[in-house]
>>> print(open('coords.cif').read())   # mmCIF, C-alpha atoms
data_query
#
loop_
_atom_site.group_PDB
_atom_site.id
_atom_site.type_symbol
_atom_site.label_atom_id
_atom_site.label_comp_id
_atom_site.auth_asym_id
_atom_site.auth_seq_id
_atom_site.Cartn_x
_atom_site.Cartn_y
_atom_site.Cartn_z
ATOM 1 C CA MET A 912 -6.304 -4.385 31.026
ATOM 2 C CA PHE A 913 -7.917 -7.297 29.169
ATOM 3 C CA PRO A 914 -5.189 -9.741 30.373
ATOM 4 C CA SER A 915 -6.344 -12.780 28.386
ATOM 5 C CA ALA A 916 -6.542 -10.893 25.074
ATOM 6 C CA ARG A 917 -3.254 -9.142 25.743
ATOM 7 C CA THR A 918 -1.597 -12.446 26.612
ATOM 8 C CA ALA A 919 -2.935 -14.067 23.438
ATOM 9 C CA ILE A 920 -1.558 -11.284 21.254
ATOM 10 C CA ALA A 921 1.782 -11.318 23.106
ATOM 11 C CA ILE A 922 2.051 -15.071 22.529
ATOM 12 C CA ALA A 923 1.204 -14.602 18.837
ATOM 13 C CA ILE A 924 3.980 -12.004 18.560
ATOM 14 C CA ALA A 925 6.460 -14.362 20.226
ATOM 15 C CA LEU A 926 5.558 -17.183 17.834
ATOM 16 C CA MET A 927 5.592 -15.179 14.597
ATOM 17 C CA PRO A 928 8.322 -16.232 12.152
ATOM 18 C CA ALA A 929 11.265 -13.996 11.374
ATOM 19 C CA ALA A 930 9.815 -13.335 7.887
ATOM 20 C CA ALA A 931 7.656 -10.645 9.494
ATOM 21 C CA PHE A 932 10.724 -8.393 9.358
ATOM 22 C CA ALA A 933 10.857 -8.551 5.568
ATOM 23 C CA ASP A 934 10.635 -5.473 3.371
ATOM 24 C CA THR A 935 7.183 -6.390 2.026
ATOM 25 C CA THR A 936 4.340 -7.091 4.443
ATOM 26 C CA GLN A 937 0.891 -8.018 3.185
ATOM 27 C CA THR A 938 -1.445 -6.215 5.589
ATOM 28 C CA GLY A 939 -4.719 -6.978 3.808
ATOM 29 C CA PRO A 940 -6.071 -9.099 0.930
ATOM 30 C CA SER A 941 -4.773 -6.613 -1.680
ATOM 31 C CA VAL A 942 -2.583 -4.320 0.456
ATOM 32 C CA TYR A 943 1.221 -4.545 0.385
ATOM 33 C CA GLU A 944 3.423 -2.407 2.639
ATOM 34 C CA ILE A 945 6.856 -2.083 1.040
ATOM 35 C CA ASP A 946 9.230 -0.237 3.341
ATOM 36 C CA ALA A 947 12.279 -0.170 1.053
ATOM 37 C CA GLY A 948 12.733 0.893 -2.540
ATOM 38 C CA VAL A 949 11.950 -1.721 -5.179
ATOM 39 C CA ALA A 950 11.587 -1.927 -8.950
ATOM 40 C CA PHE A 951 8.019 -2.700 -10.014
ATOM 41 C CA SER A 952 7.606 -4.531 -13.330
ATOM 42 C CA ILE A 953 4.057 -3.960 -14.505
ATOM 43 C CA ALA A 954 2.260 -6.164 -17.031
ATOM 44 C CA ASN A 955 -1.478 -6.189 -17.676
ATOM 45 C CA SER A 956 -4.481 -8.471 -17.967
ATOM 46 C CA GLY A 957 -6.136 -7.224 -21.137
ATOM 47 C CA ALA A 958 -7.673 -3.796 -20.590
ATOM 48 C CA SER A 959 -8.955 -4.781 -17.143
ATOM 49 C CA HIS A 960 -6.046 -4.819 -14.671
ATOM 50 C CA PHE A 961 -2.403 -3.975 -14.098
ATOM 51 C CA LEU A 962 -0.251 -6.868 -12.847
ATOM 52 C CA TYR A 963 2.614 -5.888 -10.521
ATOM 53 C CA SER A 964 5.747 -7.955 -9.916
ATOM 54 C CA TRP A 965 8.695 -7.135 -7.647
ATOM 55 C CA SER A 966 11.346 -8.740 -5.466
ATOM 56 C CA ASP A 967 12.945 -7.755 -2.176
ATOM 57 C CA ALA A 968 14.283 -9.324 1.013
ATOM 58 C CA SER A 969 10.954 -11.021 1.676
ATOM 59 C CA GLY A 970 10.829 -12.830 -1.667
ATOM 60 C CA THR A 971 9.305 -12.437 -5.112
ATOM 61 C CA PHE A 972 5.772 -11.238 -5.797
ATOM 62 C CA THR A 973 4.434 -12.041 -9.253
ATOM 63 C CA ASP A 974 1.474 -10.650 -11.211
ATOM 64 C CA ILE A 975 -0.331 -9.082 -8.255
ATOM 65 C CA GLU A 976 -3.574 -7.663 -9.642
ATOM 66 C CA ASP A 977 -4.100 -3.924 -8.986
ATOM 67 C CA PRO A 978 -2.505 -3.959 -5.520
ATOM 68 C CA THR A 979 -2.746 -1.129 -3.023
ATOM 69 C CA LEU A 980 0.871 -0.152 -2.383
ATOM 70 C CA VAL A 981 1.916 1.351 0.951
ATOM 71 C CA LEU A 982 5.285 3.002 0.286
ATOM 72 C CA SER A 983 7.707 4.879 2.527
ATOM 73 C CA VAL A 984 8.948 8.454 2.426
ATOM 74 C CA GLY A 985 12.611 8.669 1.428
ATOM 75 C CA GLU A 986 12.703 5.394 -0.524
ATOM 76 C CA THR A 987 13.044 5.222 -4.324
ATOM 77 C CA TYR A 988 10.492 3.168 -6.235
ATOM 78 C CA THR A 989 10.512 2.604 -9.995
ATOM 79 C CA PHE A 990 7.514 1.672 -12.133
ATOM 80 C CA ALA A 991 8.252 0.089 -15.522
ATOM 81 C CA ARG A 992 5.654 -1.200 -17.986
ATOM 82 C CA THR A 993 6.628 -4.515 -19.552
ATOM 83 C CA THR A 994 3.733 -4.949 -21.977
ATOM 84 C CA GLY A 995 2.162 -2.725 -24.619
ATOM 85 C CA SER A 996 -0.700 -0.292 -25.138
ATOM 86 C CA HIS A 997 -1.418 0.823 -21.556
ATOM 87 C CA PRO A 998 0.543 3.849 -20.256
ATOM 88 C CA LEU A 999 0.466 3.962 -16.460
ATOM 89 C CA GLY A 1000 0.211 7.310 -14.702
ATOM 90 C CA ILE A 1001 0.308 8.258 -11.027
ATOM 91 C CA THR A 1002 -2.254 10.810 -9.875
ATOM 92 C CA ASP A 1003 -3.186 12.621 -6.701
ATOM 93 C CA ASP A 1004 -6.323 11.763 -4.742
ATOM 94 C CA THR A 1005 -8.545 14.045 -6.831
ATOM 95 C CA LEU A 1006 -8.871 11.376 -9.524
ATOM 96 C CA PRO A 1007 -12.528 10.260 -9.510
ATOM 97 C CA VAL A 1008 -12.562 6.600 -8.471
ATOM 98 C CA THR A 1009 -14.853 4.169 -6.711
ATOM 99 C CA GLY A 1010 -14.257 0.815 -5.055
ATOM 100 C CA THR A 1011 -11.813 -0.519 -2.490
ATOM 101 C CA ASP A 1012 -8.351 -2.057 -2.227
ATOM 102 C CA GLY A 1013 -7.724 -4.350 -5.182
ATOM 103 C CA SER A 1014 -10.883 -3.325 -7.026
ATOM 104 C CA PHE A 1015 -10.765 0.409 -7.665
ATOM 105 C CA GLU A 1016 -12.344 1.762 -10.853
ATOM 106 C CA ARG A 1017 -11.898 5.178 -12.399
ATOM 107 C CA THR A 1018 -15.300 6.835 -12.847
ATOM 108 C CA THR A 1019 -14.311 9.329 -15.548
ATOM 109 C CA THR A 1020 -13.291 8.923 -19.177
ATOM 110 C CA ASP A 1021 -12.499 12.627 -19.579
ATOM 111 C CA ILE A 1022 -8.796 12.965 -20.436
ATOM 112 C CA ALA A 1023 -8.767 16.538 -19.158
ATOM 113 C CA VAL A 1024 -9.937 15.363 -15.741
ATOM 114 C CA ILE A 1025 -7.444 12.497 -15.726
ATOM 115 C CA ASP A 1026 -4.531 14.728 -16.703
ATOM 116 C CA ALA A 1027 -5.526 17.399 -14.185
ATOM 117 C CA ALA A 1028 -5.012 14.818 -11.426
ATOM 118 C CA MET A 1029 -1.616 13.632 -12.728
ATOM 119 C CA LEU A 1030 1.404 14.376 -10.578
ATOM 120 C CA GLN A 1031 3.692 17.018 -12.003
ATOM 121 C CA PRO A 1032 5.735 17.259 -14.093
ATOM 122 C CA MET A 1033 3.370 14.862 -15.822
ATOM 123 C CA ASP A 1034 5.985 13.245 -18.078
ATOM 124 C CA ASP A 1035 7.899 12.117 -14.979
ATOM 125 C CA PHE A 1036 4.844 10.287 -13.641
ATOM 126 C CA ILE A 1037 3.794 8.351 -16.751
ATOM 127 C CA ALA A 1038 5.396 4.983 -17.548
ATOM 128 C CA ASP A 1039 5.054 4.352 -21.263
ATOM 129 C CA PRO A 1040 4.127 0.857 -22.498
ATOM 130 C CA ALA A 1041 6.845 -1.478 -23.780
ATOM 131 C CA PRO A 1042 9.012 -1.547 -25.734
ATOM 132 C CA THR A 1043 10.562 1.504 -24.051
ATOM 133 C CA THR A 1044 13.155 2.504 -21.491
ATOM 134 C CA ASP A 1045 10.780 5.108 -20.074
ATOM 135 C CA MET A 1046 9.713 4.505 -16.496
ATOM 136 C CA ILE A 1047 8.626 6.363 -13.374
ATOM 137 C CA SER A 1048 11.255 6.850 -10.663
ATOM 138 C CA TRP A 1049 9.756 8.326 -7.500
ATOM 139 C CA THR A 1050 11.406 9.156 -4.196
ATOM 140 C CA PRO A 1051 8.559 10.617 -2.105
ATOM 141 C CA GLY A 1052 9.596 13.386 0.262
ATOM 142 C CA ALA A 1053 8.237 14.185 3.698
ATOM 143 C CA GLY A 1054 5.628 16.480 2.170
ATOM 144 C CA ASP A 1055 4.349 13.714 -0.112
ATOM 145 C CA ALA A 1056 2.783 11.562 2.614
ATOM 146 C CA GLY A 1057 -0.822 10.879 1.644
ATOM 147 C CA ASP A 1058 -3.049 9.042 -0.814
ATOM 148 C CA TYR A 1059 -2.545 8.626 -4.568
ATOM 149 C CA PHE A 1060 -3.865 6.507 -7.419
ATOM 150 C CA TYR A 1061 -2.369 4.866 -10.497
ATOM 151 C CA THR A 1062 -4.407 4.420 -13.661
ATOM 152 C CA CYS A 1063 -4.164 3.627 -17.347
ATOM 153 C CA ARG A 1064 -4.189 6.849 -19.344
ATOM 154 C CA VAL A 1065 -6.346 5.251 -22.064
ATOM 155 C CA THR A 1066 -9.633 6.897 -21.179
ATOM 156 C CA PHE A 1067 -11.987 3.921 -21.445
ATOM 157 C CA HIS A 1068 -9.723 1.467 -19.545
ATOM 158 C CA THR A 1069 -11.375 2.439 -16.289
ATOM 159 C CA GLY A 1070 -10.698 -0.798 -14.393
ATOM 160 C CA MET A 1071 -6.934 -0.422 -14.689
ATOM 161 C CA ALA A 1072 -6.554 1.507 -11.447
ATOM 162 C CA GLY A 1073 -5.213 1.122 -7.937
ATOM 163 C CA ALA A 1074 -4.121 3.029 -4.862
ATOM 164 C CA ILE A 1075 -0.768 4.149 -3.469
ATOM 165 C CA ARG A 1076 -0.339 5.336 0.103
ATOM 166 C CA ILE A 1077 2.816 7.186 1.066
ATOM 167 C CA VAL A 1078 3.633 6.937 4.766
ATOM 168 C CA SER A 1079 6.128 8.963 6.765
ATOM 169 C CA ALA A 1080 9.103 7.528 8.547
ATOM 170 C CA GLY A 1081 8.514 6.592 12.142
ATOM 171 C CA CYS A 1082 6.694 3.777 13.853
ATOM 172 C CA ASN A 1083 4.017 1.922 11.922
ATOM 173 C CA PHE A 1084 0.349 1.289 12.709
ATOM 174 C CA ALA A 1085 1.330 -0.894 15.693
ATOM 175 C CA ASP A 1086 2.366 2.260 17.582
ATOM 176 C CA CYS A 1087 -1.231 2.437 18.792
ATOM 177 C CA ASP A 1088 -0.535 4.991 21.536
ATOM 178 C CA ALA A 1089 1.614 7.173 19.219
ATOM 179 C CA SER A 1090 4.514 7.195 21.676
ATOM 180 C CA GLY A 1091 7.183 6.587 19.043
ATOM 181 C CA THR A 1092 8.101 3.207 20.536
ATOM 182 C CA LEU A 1093 6.531 -0.236 20.448
ATOM 183 C CA ASN A 1094 5.888 -1.954 23.782
ATOM 184 C CA ILE A 1095 3.209 -3.646 25.891
ATOM 185 C CA ASP A 1096 1.272 -0.373 26.103
ATOM 186 C CA ASP A 1097 0.591 -0.614 22.363
ATOM 187 C CA ILE A 1098 -0.822 -4.109 22.836
ATOM 188 C CA ASP A 1099 -3.120 -2.782 25.589
ATOM 189 C CA CYS A 1100 -4.184 0.088 23.312
ATOM 190 C CA PHE A 1101 -4.933 -2.226 20.381
ATOM 191 C CA VAL A 1102 -6.849 -4.733 22.510
ATOM 192 C CA ALA A 1103 -8.948 -1.965 24.073
ATOM 193 C CA GLY A 1104 -9.702 -0.533 20.633
ATOM 194 C CA PHE A 1105 -10.490 -3.925 19.124
ATOM 195 C CA LEU A 1106 -12.860 -4.948 21.914
ATOM 196 C CA GLY A 1107 -14.399 -1.485 22.013
ATOM 197 C CA GLY A 1108 -14.993 -1.311 18.256
ATOM 198 C CA ASP A 1109 -12.672 1.679 17.785
ATOM 199 C CA LEU A 1110 -11.656 1.659 14.106
ATOM 200 C CA ALA A 1111 -9.107 4.440 14.604
ATOM 201 C CA SER A 1112 -6.974 2.335 16.938
ATOM 202 C CA ALA A 1113 -7.718 -1.220 15.791
ATOM 203 C CA ASP A 1114 -8.598 -1.285 12.065
ATOM 204 C CA CYS A 1115 -5.046 -2.215 11.102
ATOM 205 C CA ASP A 1116 -5.846 -3.293 7.543
ATOM 206 C CA GLY A 1117 -8.001 -0.227 6.904
ATOM 207 C CA ASN A 1118 -11.014 -2.066 5.505
ATOM 208 C CA GLY A 1119 -13.599 -0.522 7.831
ATOM 209 C CA THR A 1120 -14.289 -3.673 9.881
ATOM 210 C CA LEU A 1121 -12.630 -5.366 12.861
ATOM 211 C CA ASN A 1122 -11.833 -9.073 12.586
ATOM 212 C CA ILE A 1123 -9.031 -11.620 12.910
ATOM 213 C CA ASP A 1124 -7.226 -10.030 9.968
ATOM 214 C CA ASP A 1125 -6.651 -6.896 12.055
ATOM 215 C CA ILE A 1126 -5.048 -8.983 14.798
ATOM 216 C CA ASP A 1127 -2.775 -10.659 12.249
ATOM 217 C CA CYS A 1128 -1.935 -7.242 10.791
ATOM 218 C CA PHE A 1129 -1.152 -5.758 14.222
ATOM 219 C CA VAL A 1130 1.092 -8.675 15.184
ATOM 220 C CA THR A 1131 2.988 -8.455 11.883
ATOM 221 C CA GLU A 1132 3.515 -4.713 12.167
ATOM 222 C CA PHE A 1133 4.472 -4.923 15.847
ATOM 223 C CA LEU A 1134 7.222 -7.375 14.919
ATOM 224 C CA ALA A 1135 8.320 -5.200 11.994
ATOM 225 C CA GLY A 1136 9.091 -2.434 14.496
ATOM 226 C CA CYS A 1137 9.982 1.158 13.693
ATOM 227 C CA PRO A 1138 12.004 2.031 10.587
#
>>> encode(input="coords.cif", output="C-alpha cells")
Amino acid sequence: MFPSARTAIAIAIALMPAAAFADTTQTGPSVYEIDAGVAFSIANSGASHFLYSWSDASGTFTDIEDPTLVLSVGETYTFARTTGSHPLGITDDTLPVTGTDGSFERTTTDIAVIDAAMLQPMDDFIADPAPTTDMISWTPGAGDAGDYFYTCRVTFHTGMAGAIRIVSAGCNFADCDASGTLNIDDIDCFVAGFLGGDLASADCDGNGTLNIDDIDCFVTEFLAGCP
C-alpha cells in the first residue's frame, strides 16, 4: 500500500538521530510530550504568560511560554513557582478557555468558576508564588488520563493559561492500528490516513490539519516506541 510514501517514511525513521528516544519530545510548535517525571520550574512574563523550565535525558528546556504538556500516567511531576504574585493552579477540562496549544486564554474572571474547576483537594493543586516551598506534586493514576488546564488564580490574569494532557501507558500515537506494537503495519496505516485526509489516524500533532509536521511527529513517536 502506497509503497513510495511508506518507503520515504521508513527511510526517515532509519535516519532519525538517537535523540528521538529522549524523555521529552516536541510533537508540535507548543506541545511537549514528557514521558518521565520531571521538576518544572515556572517563572512568568508579567501577567501574560507562565514560563516553564525543566531538564531530563533529552536536555534542558528554558522559559517555554505556556506549553501544552503531554504527561504520562504513573510518573511524578512537580510544579514549583519561582517568581512572585501568580499562584498556578491545575484544573479539570471544565475551566472555560479559548484558543489552541501555546495560546490558550481563560474566558472567565469569576473566582467561583475557577475554583470549581480546580482539582481536589485544591490546596494540593495550587503552587504558591515565590518565595515559598509550596509546590504541586502530581502522580496521575490510570483513571486520570484526559485533558486538564493550568491557570493563574488571579482572576484578571486570563492569558496565563495552558493545557495538560495525561496519557495512559502503552504505545504512543504511532501505534496507528492500535495493535499494541509498532511495525510496518503502523506505517501503512499512517500513510493511508495521511493521504486520505483522516485526522483520527494521521493528525499526530493534534492541530486539526495534515502537513509535514505530522510526518515528523509520527517518525519521532515511532522511534520512541512503547513505554
>>> residues_near_point(input="coords.cif", point="(7.3, 4.9, -17.5)", cutoff="10 Å", atoms="all atoms listed in the file", output="list in words")
Ile953, Thr989, Phe990, Ala991, Arg992, Thr993, Pro998, Leu999, Gly1000, Asp1034, Asp1035, Phe1036, Ile1037, Ala1038, Asp1039, Pro1040, Ala1041, Thr1043, Thr1044, Asp1045, Met1046, Ile1047 and Ser1048 of chain A
>>> residues_around(input="coords.cif", residues="Ser966 (chain A)", least_positions_apart="3", cutoff="10 Å", atoms="all atoms listed in the file", output="list in words")
Asp934, Thr935, Val949, Ala950, Phe951, Ser952, Ser969, Gly970, Thr971, Phe972 and Thr973 of chain A
>>> write_last_selection(input="coords.cif", atoms="C-alpha atoms", output="PDB file, in the coordinates of the input")
ATOM      1  CA  ASP A 934      10.635  -5.473   3.371  1.00  0.00           C
ATOM      2  CA  THR A 935       7.183  -6.390   2.026  1.00  0.00           C
ATOM      3  CA  VAL A 949      11.950  -1.721  -5.179  1.00  0.00           C
ATOM      4  CA  ALA A 950      11.587  -1.927  -8.950  1.00  0.00           C
ATOM      5  CA  PHE A 951       8.019  -2.700 -10.014  1.00  0.00           C
ATOM      6  CA  SER A 952       7.606  -4.531 -13.330  1.00  0.00           C
ATOM      7  CA  SER A 969      10.954 -11.021   1.676  1.00  0.00           C
ATOM      8  CA  GLY A 970      10.829 -12.830  -1.667  1.00  0.00           C
ATOM      9  CA  THR A 971       9.305 -12.437  -5.112  1.00  0.00           C
ATOM     10  CA  PHE A 972       5.772 -11.238  -5.797  1.00  0.00           C
ATOM     11  CA  THR A 973       4.434 -12.041  -9.253  1.00  0.00           C
TER      12      THR A 973
END
>>> atom_distance(input="coords.cif", atom1="CA of Gly1070 (chain A)", atom2="CA of Asp1127 (chain A)")
29.5 Å
>>> resolve_selection(input="coords.cif", expression="the PyMOL selection byres ((chain A and resi 1022) around 12)", output="list in words")
Leu1006, Pro1007, Arg1017, Thr1018, Thr1019, Thr1020, Asp1021, Ala1023, Val1024, Ile1025, Asp1026, Ala1027, Ala1028, Met1029, Thr1062, Cys1063, Arg1064, Val1065, Thr1066, Phe1067, His1068 and Thr1069 of chain A
>>> closest_residue(input="coords.cif", among="A:Gly1107, A:Ser1112, A:Val1130, A:Asp1055", to="Thr936 (chain A)", atoms="only C-alpha atoms")
A:Val1130
